file model_22.tsv (TSV, C-alpha atoms)
chain	number	residue	atom	x	y	z
Z	94	MET	CA	-24.72	17.62	-2.79
Z	95	GLN	CA	-23.46	17.29	0.78
Z	96	TYR	CA	-20.49	19.22	2.20
Z	97	ARG	CA	-18.00	18.55	4.98
Z	98	THR	CA	-15.16	20.45	6.58
Z	99	LEU	CA	-11.75	19.48	5.21
Z	100	GLY	CA	-10.01	18.33	8.37
Z	101	ARG	CA	-9.55	21.30	10.69
Z	102	THR	CA	-9.02	23.85	7.91
Z	103	GLY	CA	-12.51	25.35	7.99
Z	104	VAL	CA	-12.78	24.83	4.22
Z	105	GLN	CA	-16.06	23.27	3.10
Z	106	VAL	CA	-15.79	20.68	0.32
Z	107	SER	CA	-18.32	18.52	-1.49
Z	108	THR	CA	-18.48	14.87	-0.47
Z	109	LEU	CA	-17.98	13.95	-4.12
Z	110	ALA	CA	-14.85	15.56	-5.56
Z	111	LEU	CA	-13.72	15.55	-9.17
Z	112	GLY	CA	-10.50	13.69	-9.88
Z	113	ALA	CA	-8.89	14.65	-13.19
Z	114	MET	CA	-6.52	11.71	-13.76
Z	115	ASN	CA	-8.47	10.63	-16.84
Z	116	PHE	CA	-8.22	14.01	-18.54
Z	117	GLY	CA	-5.96	13.60	-21.57
Z	118	ALA	CA	-4.11	10.55	-22.82
Z	119	ILE	CA	-4.72	8.34	-19.78
Z	120	GLY	CA	-8.49	8.34	-20.18
Z	121	ARG	CA	-8.52	9.49	-23.81
Z	122	THR	CA	-10.66	12.48	-22.75
Z	123	THR	CA	-10.43	15.55	-24.98
Z	124	GLN	CA	-10.34	19.16	-23.82
Z	125	ASP	CA	-13.96	19.71	-24.87
Z	126	GLU	CA	-15.03	16.59	-22.97
Z	127	ALA	CA	-13.01	17.59	-19.91
Z	128	THR	CA	-14.53	21.08	-19.91
Z	129	ALA	CA	-18.03	19.61	-20.21
Z	130	ILE	CA	-17.31	17.28	-17.28
Z	131	VAL	CA	-16.05	20.18	-15.16
Z	132	ASP	CA	-19.09	22.28	-16.12
Z	133	ALA	CA	-21.53	19.54	-15.15
Z	134	ALA	CA	-19.68	18.73	-11.91
Z	135	LEU	CA	-19.67	22.35	-10.77
Z	136	GLU	CA	-23.32	22.76	-11.69
Z	137	ALA	CA	-24.11	19.71	-9.52
Z	138	GLY	CA	-22.34	21.29	-6.54
Z	139	VAL	CA	-18.90	19.69	-6.73
Z	140	ASN	CA	-16.39	22.29	-5.55
Z	141	LEU	CA	-13.11	20.35	-5.23
Z	142	ILE	CA	-11.02	19.38	-8.28
Z	143	ASP	CA	-7.95	17.19	-7.80
Z	144	THR	CA	-5.17	16.63	-10.33
Z	145	ALA	CA	-1.40	15.98	-10.36
Z	146	ASP	CA	1.68	16.81	-12.40
Z	147	PHE	CA	2.14	13.07	-12.99
Z	148	TYR	CA	-1.13	12.68	-14.89
Z	149	GLY	CA	-0.01	12.75	-18.51
Z	150	GLU	CA	3.16	14.61	-17.38
Z	151	GLY	CA	1.19	17.81	-16.91
Z	152	GLU	CA	-1.51	17.29	-19.54
Z	153	SER	CA	-4.27	16.89	-16.96
Z	154	GLU	CA	-3.24	20.10	-15.21
Z	155	GLU	CA	-3.28	22.02	-18.49
Z	156	MET	CA	-6.77	20.73	-19.29
Z	157	VAL	CA	-8.06	21.55	-15.82
Z	158	GLY	CA	-6.59	25.04	-16.09
Z	159	LYS	CA	-8.44	25.69	-19.35
Z	160	ALA	CA	-11.67	24.23	-17.98
Z	161	ILE	CA	-11.72	26.41	-14.85
Z	162	ALA	CA	-10.56	29.66	-16.48
Z	163	GLY	CA	-12.59	32.58	-15.19
Z	164	ARG	CA	-14.03	30.78	-12.16
Z	165	ARG	CA	-11.02	29.72	-10.18
Z	166	ASP	CA	-12.14	31.42	-6.95
Z	167	ASP	CA	-15.20	29.17	-6.68
Z	168	ILE	CA	-13.08	26.00	-6.72
Z	169	VAL	CA	-10.97	24.26	-4.11
Z	170	LEU	CA	-8.08	23.34	-6.39
Z	171	ALA	CA	-5.69	20.52	-5.49
Z	172	THR	CA	-2.65	19.07	-7.22
Z	173	LYS	CA	0.29	16.83	-6.35
Z	174	ALA	CA	4.00	16.34	-6.92
Z	175	THR	CA	6.81	13.80	-6.26
Z	176	MET	CA	6.10	11.13	-8.90
Z	177	PRO	CA	8.71	10.93	-11.70
Z	178	ILE	CA	8.43	13.50	-14.49
Z	179	GLY	CA	10.62	12.38	-17.38
Z	180	GLU	CA	13.93	10.54	-17.04
Z	181	GLU	CA	15.95	13.16	-15.15
Z	182	ARG	CA	16.74	11.65	-11.75
Z	183	ASN	CA	16.06	14.86	-9.80
Z	184	HIS	CA	12.70	15.52	-11.45
Z	185	ARG	CA	10.90	13.53	-8.77
Z	186	GLY	CA	10.72	13.08	-5.03
Z	187	SER	CA	10.04	15.56	-2.25
Z	188	SER	CA	13.29	17.51	-1.97
Z	189	ARG	CA	13.13	21.27	-1.58
Z	190	ARG	CA	14.79	21.62	-4.97
Z	191	TRP	CA	12.15	19.62	-6.81
Z	192	LEU	CA	9.05	20.75	-4.91
Z	193	HIS	CA	9.73	24.41	-5.70
Z	194	THR	CA	10.25	23.61	-9.38
Z	195	ALA	CA	7.33	21.21	-9.60
Z	196	LEU	CA	4.90	23.64	-8.00
Z	197	ASP	CA	5.93	26.50	-10.29
Z	198	ASP	CA	5.43	24.21	-13.28
Z	199	SER	CA	1.99	23.16	-11.98
Z	200	LEU	CA	0.90	26.75	-11.40
Z	201	ARG	CA	1.94	27.65	-14.92
Z	202	ARG	CA	0.04	24.74	-16.44
Z	203	LEU	CA	-3.05	25.44	-14.34
Z	204	GLY	CA	-2.90	29.15	-15.14
Z	205	VAL	CA	-3.24	30.19	-11.48
Z	206	ASP	CA	-1.08	31.92	-8.90
Z	207	HIS	CA	-1.78	29.44	-6.09
Z	208	VAL	CA	-3.39	26.08	-5.34
Z	209	ASP	CA	-5.53	25.42	-2.31
Z	210	LEU	CA	-4.04	22.02	-1.57
Z	211	PHE	CA	-0.58	20.79	-2.60
Z	212	GLN	CA	-0.06	17.09	-1.90
Z	213	ILE	CA	2.96	14.84	-1.69
Z	214	HIS	CA	1.86	12.12	-4.11
Z	215	ARG	CA	3.86	9.35	-2.42
Z	216	TRP	CA	6.18	9.17	0.57
Z	217	ASP	CA	9.77	9.66	-0.58
Z	218	PRO	CA	12.07	7.49	1.61
Z	219	THR	CA	15.17	9.35	0.35
Z	220	THR	CA	14.10	12.74	1.73
Z	221	SER	CA	13.75	13.71	5.39
Z	222	ASP	CA	10.51	15.02	6.87
Z	223	GLU	CA	12.38	18.18	7.89
Z	224	GLU	CA	13.45	18.88	4.29
Z	225	THR	CA	9.98	18.32	2.84
Z	226	LEU	CA	7.97	20.07	5.56
Z	227	SER	CA	10.34	23.04	5.56
Z	228	ALA	CA	9.96	23.45	1.80
Z	229	LEU	CA	6.17	23.13	1.99
Z	230	THR	CA	5.98	25.63	4.85
Z	231	ASP	CA	8.01	28.14	2.84
Z	232	LEU	CA	5.74	27.67	-0.19
Z	233	GLN	CA	2.73	28.22	2.04
Z	234	ARG	CA	4.20	31.40	3.52
Z	235	ALA	CA	4.96	32.61	0.02
Z	236	GLY	CA	1.26	32.33	-0.81
Z	237	LYS	CA	1.69	29.71	-3.52
Z	238	ILE	CA	-0.24	27.07	-1.58
Z	239	ARG	CA	-2.91	27.45	1.08
Z	240	TYR	CA	-2.57	24.00	2.64
Z	241	PHE	CA	-0.53	20.86	2.07
Z	242	GLY	CA	-1.25	17.18	2.48
Z	243	SER	CA	-0.01	13.66	1.83
Z	244	SER	CA	-1.23	10.91	-0.47
Z	245	THR	CA	-1.07	7.15	0.09
Z	246	PHE	CA	1.25	7.42	3.10
Z	247	PRO	CA	1.60	4.41	5.42
Z	248	ALA	CA	0.07	5.12	8.82
Z	249	TYR	CA	3.43	5.25	10.59
Z	250	ARG	CA	4.70	7.89	8.14
Z	251	ILE	CA	1.61	10.02	8.76
Z	252	VAL	CA	2.36	9.89	12.48
Z	253	GLN	CA	6.07	10.60	11.98
Z	254	ALA	CA	5.34	13.63	9.81
Z	255	GLN	CA	2.92	15.03	12.38
Z	256	TRP	CA	5.51	14.68	15.13
Z	257	ALA	CA	8.25	16.15	12.95
Z	258	ALA	CA	6.10	19.20	12.20
Z	259	ARG	CA	5.43	19.71	15.90
Z	260	GLU	CA	9.05	19.18	16.93
Z	261	LEU	CA	10.46	21.47	14.24
Z	262	ARG	CA	7.62	24.02	14.47
Z	263	LEU	CA	6.79	23.69	10.80
Z	264	GLY	CA	3.50	23.52	8.95
Z	265	ARG	CA	1.84	20.12	8.98
Z	266	TYR	CA	-0.03	17.92	6.56
Z	267	VAL	CA	-3.74	18.64	6.96
Z	268	THR	CA	-5.04	15.97	4.59
Z	269	GLU	CA	-4.33	12.42	3.50
Z	270	GLN	CA	-5.46	10.88	0.19
Z	271	PRO	CA	-5.60	7.08	0.47
Z	272	SER	CA	-7.06	4.36	-1.73
Z	273	TYR	CA	-10.29	3.05	-0.20
Z	274	SER	CA	-13.25	1.02	-1.39
Z	275	ILE	CA	-15.52	-1.82	-0.31
Z	276	LEU	CA	-13.01	-4.24	-1.83
Z	277	GLN	CA	-9.93	-2.62	-0.28
Z	278	ARG	CA	-10.69	-1.84	3.38
Z	279	GLY	CA	-7.24	-2.26	4.92
Z	280	ILE	CA	-6.87	1.42	5.80
Z	281	GLU	CA	-9.73	1.05	8.28
Z	282	SER	CA	-7.34	-0.78	10.60
Z	283	HIS	CA	-4.43	1.66	10.52
Z	284	VAL	CA	-4.60	4.80	8.32
Z	285	LEU	CA	-8.10	6.03	9.15
Z	286	PRO	CA	-7.67	5.79	12.95
Z	287	VAL	CA	-4.51	7.90	12.58
Z	288	THR	CA	-6.18	10.53	10.41
Z	289	GLN	CA	-8.96	10.80	12.97
Z	290	GLU	CA	-6.46	11.14	15.81
Z	291	TYR	CA	-4.69	14.04	14.09
Z	292	GLY	CA	-7.76	15.66	12.57
Z	293	LEU	CA	-6.75	15.19	8.94
Z	294	GLY	CA	-9.19	15.55	6.09
Z	295	VAL	CA	-9.41	12.37	4.00
Z	296	LEU	CA	-9.92	12.44	0.22
Z	297	VAL	CA	-10.47	8.87	-0.94
Z	298	TRP	CA	-9.23	7.76	-4.36
Z	299	SER	CA	-10.41	4.71	-6.32
Z	300	PRO	CA	-13.71	4.31	-4.41
Z	301	LEU	CA	-14.98	2.26	-7.38
Z	302	ALA	CA	-11.95	-0.06	-7.10
Z	303	SER	CA	-10.55	0.63	-10.59
Z	304	GLY	CA	-13.93	-0.16	-12.16
Z	305	TRP	CA	-14.75	-3.32	-10.22
Z	306	LEU	CA	-17.61	-1.48	-8.50
Z	307	SER	CA	-18.80	0.52	-11.51
Z	308	GLY	CA	-21.17	-2.19	-12.70
Z	309	ALA	CA	-19.03	-2.80	-15.78
Z	310	VAL	CA	-17.22	-5.84	-14.32
Z	311	ARG	CA	-19.70	-8.67	-13.90
Z	312	LYS	CA	-19.55	-12.42	-14.35
Z	313	GLY	CA	-20.28	-13.57	-17.88
Z	314	ARG	CA	-19.42	-10.20	-19.42
Z	315	GLU	CA	-16.30	-9.19	-21.29
Z	316	VAL	CA	-14.33	-6.62	-19.32
Z	317	ILE	CA	-13.78	-3.59	-21.56
Z	318	THR	CA	-13.04	-0.84	-19.04
Z	319	SER	CA	-10.26	1.69	-19.58
Z	320	ARG	CA	-8.38	0.33	-16.58
Z	321	SER	CA	-8.58	-3.26	-17.84
Z	322	ARG	CA	-6.93	-2.10	-21.05
Z	323	ILE	CA	-4.02	-0.58	-19.13
Z	324	LEU	CA	-3.72	-3.21	-16.36
Z	325	PRO	CA	-5.25	-6.45	-17.68
Z	326	GLU	CA	-3.64	-8.53	-14.91
Z	327	ARG	CA	-5.91	-6.86	-12.36
Z	328	PHE	CA	-8.96	-8.36	-14.04
Z	329	ASP	CA	-7.59	-11.82	-14.88
Z	330	LEU	CA	-9.99	-14.22	-13.16
Z	331	SER	CA	-7.33	-16.94	-12.98
Z	332	VAL	CA	-5.74	-14.82	-10.22
Z	333	PRO	CA	-7.22	-15.81	-6.82
Z	334	SER	CA	-7.60	-12.23	-5.57
Z	335	ASN	CA	-9.48	-11.28	-8.74
Z	336	GLN	CA	-11.75	-14.27	-8.34
Z	337	ALA	CA	-12.46	-13.17	-4.76
Z	338	ARG	CA	-13.30	-9.68	-5.99
Z	339	SER	CA	-15.58	-11.03	-8.68
Z	340	GLU	CA	-17.51	-13.15	-6.19
Z	341	ALA	CA	-17.80	-10.18	-3.81
Z	342	VAL	CA	-19.07	-7.91	-6.60
Z	343	GLU	CA	-21.87	-10.34	-7.46
Z	344	ARG	CA	-23.01	-10.44	-3.84
Z	345	LEU	CA	-22.71	-6.66	-3.51
Z	346	ALA	CA	-24.82	-6.19	-6.64
Z	347	GLU	CA	-27.59	-8.18	-4.93
Z	348	VAL	CA	-27.35	-5.93	-1.86
Z	349	ALA	CA	-27.57	-2.85	-4.07
Z	350	ASP	CA	-30.60	-4.23	-5.95
Z	351	GLN	CA	-32.42	-5.02	-2.72
Z	352	ALA	CA	-31.72	-1.50	-1.45
Z	353	GLY	CA	-32.93	0.09	-4.69
Z	354	LEU	CA	-29.47	1.43	-5.50
Z	355	THR	CA	-26.97	1.11	-8.30
Z	356	LEU	CA	-23.67	-0.56	-7.51
Z	357	ILE	CA	-22.00	2.86	-7.91
Z	358	GLN	CA	-24.33	4.42	-5.35
Z	359	LEU	CA	-23.59	1.55	-2.97
Z	360	ALA	CA	-19.83	1.93	-3.42
Z	361	LEU	CA	-19.71	5.73	-3.04
Z	362	GLY	CA	-22.24	5.72	-0.23
Z	363	PHE	CA	-20.11	3.17	1.60
Z	364	VAL	CA	-16.86	5.17	1.61
Z	365	ASN	CA	-18.62	8.39	2.56
Z	366	ALA	CA	-20.33	6.62	5.45
Z	367	HIS	CA	-17.04	6.28	7.32
Z	368	PRO	CA	-16.70	9.15	9.82
Z	369	ALA	CA	-13.04	9.66	8.90
Z	370	VAL	CA	-13.77	10.30	5.22
Z	371	THR	CA	-14.27	13.84	3.95
Z	372	ALA	CA	-14.89	13.16	0.25
Z	373	ALA	CA	-14.72	10.47	-2.41
Z	374	LEU	CA	-12.77	11.33	-5.55
Z	375	ILE	CA	-14.61	10.31	-8.70
Z	376	GLY	CA	-12.65	10.13	-11.97
Z	377	PRO	CA	-15.10	10.04	-14.88
Z	378	ARG	CA	-13.89	9.75	-18.47
Z	379	THR	CA	-17.23	10.79	-19.96
Z	380	LEU	CA	-20.31	12.82	-19.07
Z	381	ASP	CA	-22.31	9.60	-18.75
Z	382	HIS	CA	-19.79	8.29	-16.23
Z	383	LEU	CA	-20.05	11.54	-14.29
Z	384	ARG	CA	-23.85	11.48	-14.20
Z	385	SER	CA	-23.92	7.89	-12.94
Z	386	GLN	CA	-21.54	8.86	-10.13
Z	387	LEU	CA	-23.28	12.13	-9.24
Z	388	ALA	CA	-26.39	10.04	-8.61
Z	389	ALA	CA	-24.68	9.03	-5.34
Z	390	ALA	CA	-24.38	12.63	-4.12
Z	391	ASP	CA	-27.18	12.27	-1.59
Z	392	THR	CA	-26.86	8.53	-0.94
Z	393	VAL	CA	-26.91	7.61	2.75
Z	394	LEU	CA	-26.68	3.90	3.44
Z	395	PRO	CA	-28.81	2.56	6.32
Z	396	SER	CA	-27.28	0.33	8.97
Z	397	ASP	CA	-28.69	-2.89	7.56
Z	398	VAL	CA	-27.04	-2.23	4.18
Z	399	LEU	CA	-23.71	-1.42	5.83
Z	400	ASP	CA	-24.02	-4.62	7.88
Z	401	ALA	CA	-24.65	-6.60	4.71
Z	402	ILE	CA	-21.50	-5.14	3.15
Z	403	ASP	CA	-19.51	-6.14	6.24
Z	404	GLU	CA	-20.74	-9.72	5.80
Z	405	ILE	CA	-19.32	-9.79	2.27
Z	406	VAL	CA	-16.01	-7.97	2.90
Z	407	ALA	CA	-15.00	-7.83	6.54
Z	408	PRO	CA	-13.86	-4.49	8.01
Z	409	GLY	CA	-10.14	-3.88	7.60
Z	410	THR	CA	-9.81	-6.47	4.81
Z	411	ASP	CA	-8.06	-6.00	1.45
Z	412	LEU	CA	-9.23	-8.50	-1.14
Z	413	ALA	CA	-6.20	-7.64	-3.31
Z	414	PRO	CA	-3.40	-6.96	-0.81
Z	415	GLN	CA	-0.77	-7.13	-3.56
Z	416	GLU	CA	-2.20	-3.90	-4.99
Z	417	LYS	CA	-1.58	-1.86	-1.86
Z	418	PHE	CA	0.20	1.43	-2.52
Z	419	ASP	CA	1.31	2.22	1.03
Z	420	THR	CA	3.45	-0.88	1.62
Z	421	PRO	CA	6.78	-0.03	3.31
Z	422	PRO	CA	9.49	-0.04	0.60
Z	423	ALA	CA	11.56	-2.67	2.41
Z	424	LEU	CA	8.82	-5.23	1.81
Z	425	LEU	CA	9.04	-4.64	-1.92
Z	426	ASP	CA	12.81	-4.19	-2.38
Z	427	ALA	CA	14.95	-6.91	-0.80
Z	428	SER	CA	18.05	-4.66	-0.82
Z	429	LEU	CA	16.35	-2.41	1.76
Z	430	ARG	CA	15.90	-5.20	4.29
Z	431	ARG	CA	19.24	-7.00	3.92
Z	432	ARG	CA	22.71	-5.90	4.87
call {"tool": "encode", "arguments": {"input": "model_22.tsv", "output": "structure tokens"}}
result
Amino acid sequence: MQYRTLGRTGVQVSTLALGAMNFGAIGRTTQDEATAIVDAALEAGVNLIDTADFYGEGESEEMVGKAIAGRRDDIVLATKATMPIGEERNHRGSSRRWLHTALDDSLRRLGVDHVDLFQIHRWDPTTSDEETLSALTDLQRAGKIRYFGSSTFPAYRIVQAQWAARELRLGRYVTEQPSYSILQRGIESHVLPVTQEYGLGVLVWSPLASGWLSGAVRKGREVITSRSRILPERFDLSVPSNQARSEAVERLAEVADQAGLTLIQLALGFVNAHPAVTAALIGPRTLDHLRSQLAAADTVLPSDVLDAIDEIVAPGTDLAPQEKFDTPPALLDASLRRR
């Protein structure tokens, strides 16, 4: 396992980090299976575990808490808030009111007195940077969180939050967690240059592109991944962007074969090759999934392989731009761009 410094925090984290979104109902992973996955990941040298209150409305956090009981100090523990929890309109967002409540709930479910990294799961356009950063700074000073970060923020919001923290003399986001893979490279043109400028650690989610780069989605095979069950439209080959992804995957599989790698090793090696990236979040549902992903722990792609990838998917290109999660809200909601 390789390790890198998380931004400018001085904290060393493994370049493969364990994402716990699939623990519980989402991935149909039981507590025993989740504990076995955590055991195997820690034994392999993984030291960062990432979850969120949104995953199963707290179920993932509860399962992580049980799995890490008795060894919390050896783990860099991260969670998130702001996504809707239930139907109550104020049980979401990044207001001071909700962040204090959400964090206390997360700590209780995790069975700990603090988390190392508390992340704003999505930018909340209804709440000011001053409100959110002030609340996070207070939680940090209270010892409930060590650091705080953002997740899937547009580049301009990352910049704005950094300037707001400086102007208001508040704590700042020290990490960003964006979606990034060979098939979705758009952040190379805007988000990653900004994170490098401000020295943010970058924890990449969906490096296997929702299963497209796992080896399970190939031409002539029935797609039976967990994600295809939940979001079948993302694997419908009558959709042009899905057809483009399918064609790219076949060419990438050839590159991997020629390099003596699995497609998973190629995909994880690619994201960790970018100098802005600190770690790739892997989200296994089973021990077999975990082992296939841990095989990429020491993968370093040579220049000719990286060049071959660039020939298939050009730098800064998203093959499925409609699936971007950092699109400014006004582009999605007409009422926000019309008087």
call {"tool": "closest_atom_pairs", "arguments": {"input": "model_22.tsv", "of": "range 240-340 of chain Z", "to": "range 163-175 of chain Z", "cutoff": "10 Å", "atoms": "only C-alpha atoms", "output": "JSON lines"}}
result
{"residue": "Z:Tyr240", "atom": "CA", "partner": "Z:Ala171", "partner_atom": "CA", "distance": 9.4}
{"residue": "Z:Phe241", "atom": "CA", "partner": "Z:Ala171", "partner_atom": "CA", "distance": 9.2}
{"residue": "Z:Gly242", "atom": "CA", "partner": "Z:Lys173", "partner_atom": "CA", "distance": 9.0}
{"residue": "Z:Ser243", "atom": "CA", "partner": "Z:Lys173", "partner_atom": "CA", "distance": 8.8}
{"residue": "Z:Ser244", "atom": "CA", "partner": "Z:Lys173", "partner_atom": "CA", "distance": 8.5}
call {"tool": "atom_distance", "arguments": {"input": "model_22.tsv", "atom1": "CA of Thr410 in chain Z", "atom2": "CA of His382 in chain Z"}}
result
27.6 Å
call {"tool": "atom_distance", "arguments": {"input": "model_22.tsv", "atom1": "CA of Ala407 in chain Z", "atom2": "CA of Arg278 in chain Z"}}
result
8.0 Å
call {"tool": "closest_residue", "arguments": {"input": "model_22.tsv", "among": "Z:Asp426, Z:Asp411, Z:Asp391, Z:Asp125", "to": "Ile280 in chain Z", "atoms": "all atoms listed in the file"}}
result
Z:Asp411
call {"tool": "closest_residue", "arguments": {"input": "model_22.tsv", "among": "Z:Arg121, Z:Ala390, Z:Val297, Z:Arg338", "to": "Met94 in chain Z", "atoms": "all atoms listed in the file"}}
result
Z:Ala390
